[in-house]
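One structure is given below, encoded as structure tokens.
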Amino acid sequence: MRRYINTAPKLYPVLVVILAIVLWDAGVRVSRVPVWILPGPGQVLQAMVNHAALLWHHTQTTLMEAMLGFAASIALALILALLLHYLTWLYQALYPIFIVSQTIPLIVLAVLLPLWFGWGILPKILIIILVCFFPMVINLFNGLQSVDPDVLDLFRSMGAKRLATFRMVIMPAALPSFFAGLRISATYSIMAAVIGEWLGAQRGLGYYMTLQQKGFAIDRVLAAVAIICILSLLLVKAVDLLEYLLVPWNRKIYSHQLWQ
Amino acid sequence: MMKLEVKGLYKTLQGVLTLNDLSLGLKEHEVVVILGPSGCGKSTLLHIIAGLMRPEQGRVYMDGRDHTGRTGRVSYMQQKDLLLDSRTIIDNVSLPLLLRGIPREQARRQAAAHLDDFGLTGFANYYPRQLSGGMKQRAALLRTYLFSSDILLLDEPFAALDAITRRKMHLWLVDLQQRFRSSVLFVTHDIEEAFLIASRIYVLSARPAQVRLEIDMKAEPHSPLSLYQVKERILAVLEED
């Protein structure tokens, strides 16, 4: 469990990405693939600059949907995980269904939801919830259950009330798992919004991509993909920052902060 | 009057008789060690004294008053330190004060006054995972002490430590007890540990637990030979069956 900090490995992925871009560029130049099949990194960047205003316009919609869906997922996961934790029969009734629900192909739902709920924002939010809710509720539930029963006995022996035990023991113990789920869901939320838009929308990055793809403007499609990646990454970093602030006891520790 | 007295305890766990008419007492300022083979029901006994479990028969008295099945009177420390990862040492040890409704800052000040005695000077703001095993046990002991300083139930508190650290902890505990004058009921299966700290020793039989031997260490001459003989007597009980 002890983690030490070494900054060098953090640079490795950056180097890999740079290497991949260089290889991509070289490959496109050497093979002379037509730009409507695979543009080079420079052309994608050019498309991003040329369409900056339009991309920003669509990004706002996608981001808004993603945030709404993400927030709704968090709220639902909190409520349900607590219910599952305290009501054993509910856990027994619902848990298997949760697992099975994850086998439903998402792409089919993405097609059907607009049919049922129209072309507005609702089906997008629903898809995001379907994607993001599960990792959060499972992680949070496991976190709540992870408390050592001996600690609960100790608190009982000290005459602690249930609420005090929850506030001092159970909730803090569940926080690291909650953030693990939150991080997974954060990476999915933007992608889920884009999938929702892909099959029917008037705005958003997913809508933009379907449009550009039909016109074989692959550089613009990839420009949108790059934006999706950057947004997802920023969201994960935001979650990391929040965890750093709210879970100070789990921060990485330097060797001089150990006393062994 | 006995500080703590249990009379005629019977307890069955999962259909197995675990405590069989068990009676024992703890006088004021005394360190009583309960020795017994592994799995004989020592922890069950402490659970009952702490009020976490009810016996089928028998009573638990403290200062002459019936406390059977009631939590919150004695402090109880188990083998694991059970410190909360999420709290610094000072906030861990002041937990019993917080639970009593004392405001956080006041609880911290009150707890901080004891850090020296418990060998935790300068570590108030460390998290448990930053400390060594011995320090964590001392922190757990301070938390136990701050909950109730007059009767301490200690269930193999040093069992998880290495031999050298354990010996240091024994000497430190003896010193501490002489200054703070708590009454301590200490459970172990380690005879050497019992000799180091006990003023009286109860030796329990294998399950179902009964008191088979009571040794007043103050009455025994402390020559190596007599200690050896006492040890032989204890071993004879522990190795039955």
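Simple scheme: letters A, B, ... for chains in structure tokens order, numbers from 1 for residues in each chain, numbers from 1 for ligands in the order shown.
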For the interface of chain B with chain A (cut-off 8 Å, counting only C-alpha atoms), please tabulate each contacting residue of chain B alongside its nearest pair of atoms and their separation in Å to one decimal, rows sorted by chain and increasing number, as a tab-separated table.
```
residue	atom	partner	partner_atom	distance
B:Ala50	CA	A:Ser157	CA	6.3
B:Gly51	CA	A:Ser157	CA	7.0
B:Leu52	CA	A:Ser157	CA	6.4
B:Thr71	CA	A:Ser157	CA	5.0
B:Gly72	CA	A:Gly159	CA	4.9
B:Arg73	CA	A:Met158	CA	7.9
B:Ser75	CA	A:Met158	CA	7.1
B:Tyr76	CA	A:Ser157	CA	7.2
B:Met77	CA	A:Leu154	CA	7.8
B:Leu82	CA	A:Val151	CA	5.8
B:Leu84	CA	A:Val169	CA	7.1
B:Asp85	CA	A:Trp249	CA	6.7
B:Ser86	CA	A:Trp249	CA	5.4
B:Arg87	CA	A:Trp249	CA	7.1
B:Thr88	CA	A:Trp249	CA	8.0
B:Pro96	CA	A:Met158	CA	6.8
B:Leu99	CA	A:Ala160	CA	6.2
B:Tyr127	CA	A:Trp249	CA	6.5
B:Arg129	CA	A:Arg2	CA	8.0
B:Gln130	CA	A:Leu258	CA	4.7
B:Leu131	CA	A:Trp259	CA	5.1
B:Ser132	CA	A:Gln260	CA	4.7
B:Phe147	CA	A:Met158	CA	7.2
```
File of the preceding selection, N, CA and C atoms, as a compact mmCIF listing (two decimals), in the first residue's frame:
```
# COMPACT_ATOMS: atom_id res chain seq x y z
N ALA B 50 -16.93 -6.39 27.79
CA ALA B 50 -17.10 -5.09 27.13
C ALA B 50 -18.56 -4.80 26.81
N GLY B 51 -19.42 -5.82 26.93
CA GLY B 51 -20.84 -5.60 26.69
C GLY B 51 -21.24 -5.83 25.25
N LEU B 52 -20.32 -6.32 24.42
CA LEU B 52 -20.63 -6.54 23.00
C LEU B 52 -21.41 -7.83 22.80
N THR B 71 -22.52 -1.74 26.93
CA THR B 71 -21.26 -1.20 26.41
C THR B 71 -21.00 0.16 27.03
N GLY B 72 -19.78 0.64 26.83
CA GLY B 72 -19.49 2.03 27.17
C GLY B 72 -18.88 2.25 28.54
N ARG B 73 -18.65 1.17 29.33
CA ARG B 73 -18.08 1.39 30.65
C ARG B 73 -16.57 1.18 30.67
N SER B 75 -12.82 0.24 28.59
CA SER B 75 -12.23 0.38 27.27
C SER B 75 -11.59 -0.94 26.87
N TYR B 76 -11.69 -1.21 25.58
CA TYR B 76 -11.39 -2.54 25.07
C TYR B 76 -10.47 -2.39 23.87
N MET B 77 -9.31 -3.00 23.95
CA MET B 77 -8.37 -2.92 22.84
C MET B 77 -8.08 -4.32 22.32
N LEU B 82 -6.68 -1.13 14.88
CA LEU B 82 -7.98 -0.58 14.51
C LEU B 82 -7.99 0.95 14.46
N LEU B 84 -8.13 4.40 12.46
CA LEU B 84 -8.81 4.76 11.21
C LEU B 84 -7.79 5.41 10.27
N ASP B 85 -7.68 4.84 9.07
CA ASP B 85 -6.74 5.37 8.08
C ASP B 85 -7.01 6.84 7.77
N SER B 86 -8.27 7.22 7.89
CA SER B 86 -8.67 8.54 7.43
C SER B 86 -8.34 9.64 8.43
N ARG B 87 -7.85 9.26 9.62
CA ARG B 87 -7.60 10.28 10.64
C ARG B 87 -6.14 10.29 11.05
N THR B 88 -5.65 11.47 11.35
CA THR B 88 -4.29 11.57 11.87
C THR B 88 -4.25 10.94 13.26
N PRO B 96 -12.49 8.77 21.32
CA PRO B 96 -13.41 8.55 22.44
C PRO B 96 -13.90 9.86 23.05
N LEU B 99 -16.58 11.25 20.73
CA LEU B 99 -17.83 10.49 20.86
C LEU B 99 -18.56 10.88 22.14
N TYR B 127 -0.43 10.24 9.60
CA TYR B 127 -1.50 9.25 9.39
C TYR B 127 -0.98 7.88 9.84
N ARG B 129 -0.78 5.02 8.53
CA ARG B 129 0.04 4.21 7.63
C ARG B 129 1.48 4.72 7.53
N GLN B 130 1.74 5.89 8.12
CA GLN B 130 3.11 6.41 8.10
C GLN B 130 3.92 5.93 9.30
N LEU B 131 3.25 5.24 10.26
CA LEU B 131 3.93 4.86 11.49
C LEU B 131 4.28 3.38 11.54
N SER B 132 5.20 3.05 12.43
CA SER B 132 5.60 1.66 12.63
C SER B 132 4.54 0.92 13.46
N PHE B 147 -10.53 6.55 26.52
CA PHE B 147 -11.96 6.22 26.63
C PHE B 147 -12.33 6.00 28.09
```
So that I can see what lies close to B:Leu152, please list as a compact mmCIF listing (two decimals) with N, CA, C and O atoms, in the first residue's frame the residues with an atom at most 9 Å from it, counting only C-alpha atoms and leaving out residues fewer than 3 positions away in the same chain.
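result_4.txt, written as the output of this step:
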```txt
# COMPACT_ATOMS: atom_id res chain seq x y z
N VAL B 74 -16.13 0.09 30.04
CA VAL B 74 -14.69 -0.19 30.04
C VAL B 74 -14.12 0.07 28.66
O VAL B 74 -14.84 0.13 27.67
N SER B 75 -12.82 0.24 28.59
CA SER B 75 -12.23 0.38 27.27
C SER B 75 -11.59 -0.94 26.87
O SER B 75 -11.06 -1.66 27.68
N TYR B 76 -11.69 -1.21 25.58
CA TYR B 76 -11.39 -2.54 25.07
C TYR B 76 -10.47 -2.39 23.87
O TYR B 76 -10.78 -1.70 22.91
N MET B 77 -9.31 -3.00 23.95
CA MET B 77 -8.37 -2.92 22.84
C MET B 77 -8.08 -4.32 22.32
O MET B 77 -7.79 -5.22 23.09
N THR B 144 -7.49 3.79 23.81
CA THR B 144 -8.16 2.95 24.79
C THR B 144 -8.17 3.63 26.16
O THR B 144 -9.18 3.68 26.85
N TYR B 145 -7.00 4.17 26.51
CA TYR B 145 -6.85 4.82 27.82
C TYR B 145 -7.74 6.04 27.93
O TYR B 145 -8.34 6.29 28.97
N SER B 148 -11.55 5.15 28.76
CA SER B 148 -11.82 4.90 30.16
C SER B 148 -10.50 4.51 30.78
O SER B 148 -9.90 3.54 30.38
N SER B 149 -10.04 5.30 31.71
CA SER B 149 -8.69 5.09 32.21
C SER B 149 -8.65 4.13 33.38
O SER B 149 -7.58 3.68 33.76
N SER B 182 -4.00 2.28 36.43
CA SER B 182 -5.22 1.69 35.87
C SER B 182 -5.34 0.24 36.32
O SER B 182 -4.36 -0.37 36.73
N SER B 183 -6.54 -0.29 36.24
CA SER B 183 -6.72 -1.73 36.44
C SER B 183 -6.77 -2.36 35.05
O SER B 183 -7.54 -1.92 34.21
N VAL B 184 -5.92 -3.35 34.85
CA VAL B 184 -5.77 -3.90 33.51
C VAL B 184 -6.08 -5.39 33.48
O VAL B 184 -5.56 -6.16 34.29
N LEU B 185 -6.95 -5.79 32.56
CA LEU B 185 -7.18 -7.21 32.30
C LEU B 185 -6.56 -7.50 30.95
O LEU B 185 -6.95 -6.94 29.93
N PHE B 186 -5.55 -8.37 30.96
CA PHE B 186 -4.70 -8.54 29.79
C PHE B 186 -4.77 -9.99 29.35
O PHE B 186 -4.45 -10.90 30.10
```
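Take atom CA of B:Ala198 and atom CA of B:Lys168: the distance between them is 15.6 Å.
Proximity of B:Thr165, B:Ser199, B:Ser205, B:Gln79 to B:Lys218, computed with only C-alpha atoms, is greatest for B:Ser199.
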Query - Contact residues around A:Ala75 with only C-alpha atoms at 12 Å, ignoring same-chain residues under 3 positions, as a VMD selection string - result: chain A and resid 68 to 72 78 to 82 129 132 to 133 136 to 137 140 182
Query raised in the report: Among stretch 116-172 of chain B, which residues carry a DSSP assignment of strand (DSSP E), reported as a PyMOL selection string?
Result: chain B and resi 151-155
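Candidate residues A:Leu144, A:Ala201, A:Ile107, A:Ile74 were compared for distance to A:Trp119, and the nearest is A:Ala201, using only C-alpha atoms.
Between B:Ile151 and the residues B:Glu239, B:Asp190, B:Glu5, B:Glu232, the shortest atom-to-atom distance, using only C-alpha atoms, involves B:Glu5.
Distances to A:Ala52 were evaluated for A:Tyr95, A:Ala110, A:Ile228, A:Arg220 using only C-alpha atoms, and the minimum falls at A:Arg220.
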Requested in this report: Could you tell me, as a PyMOL selection string, which residues of stretch 57-245 of chain A DSSP assigns to alpha helix (DSSP H) when given the backbone?
Outcome: chain A and resi 57-86+88-101+106-117+122-145+149-157+162-165+171-198+205-214+218-245
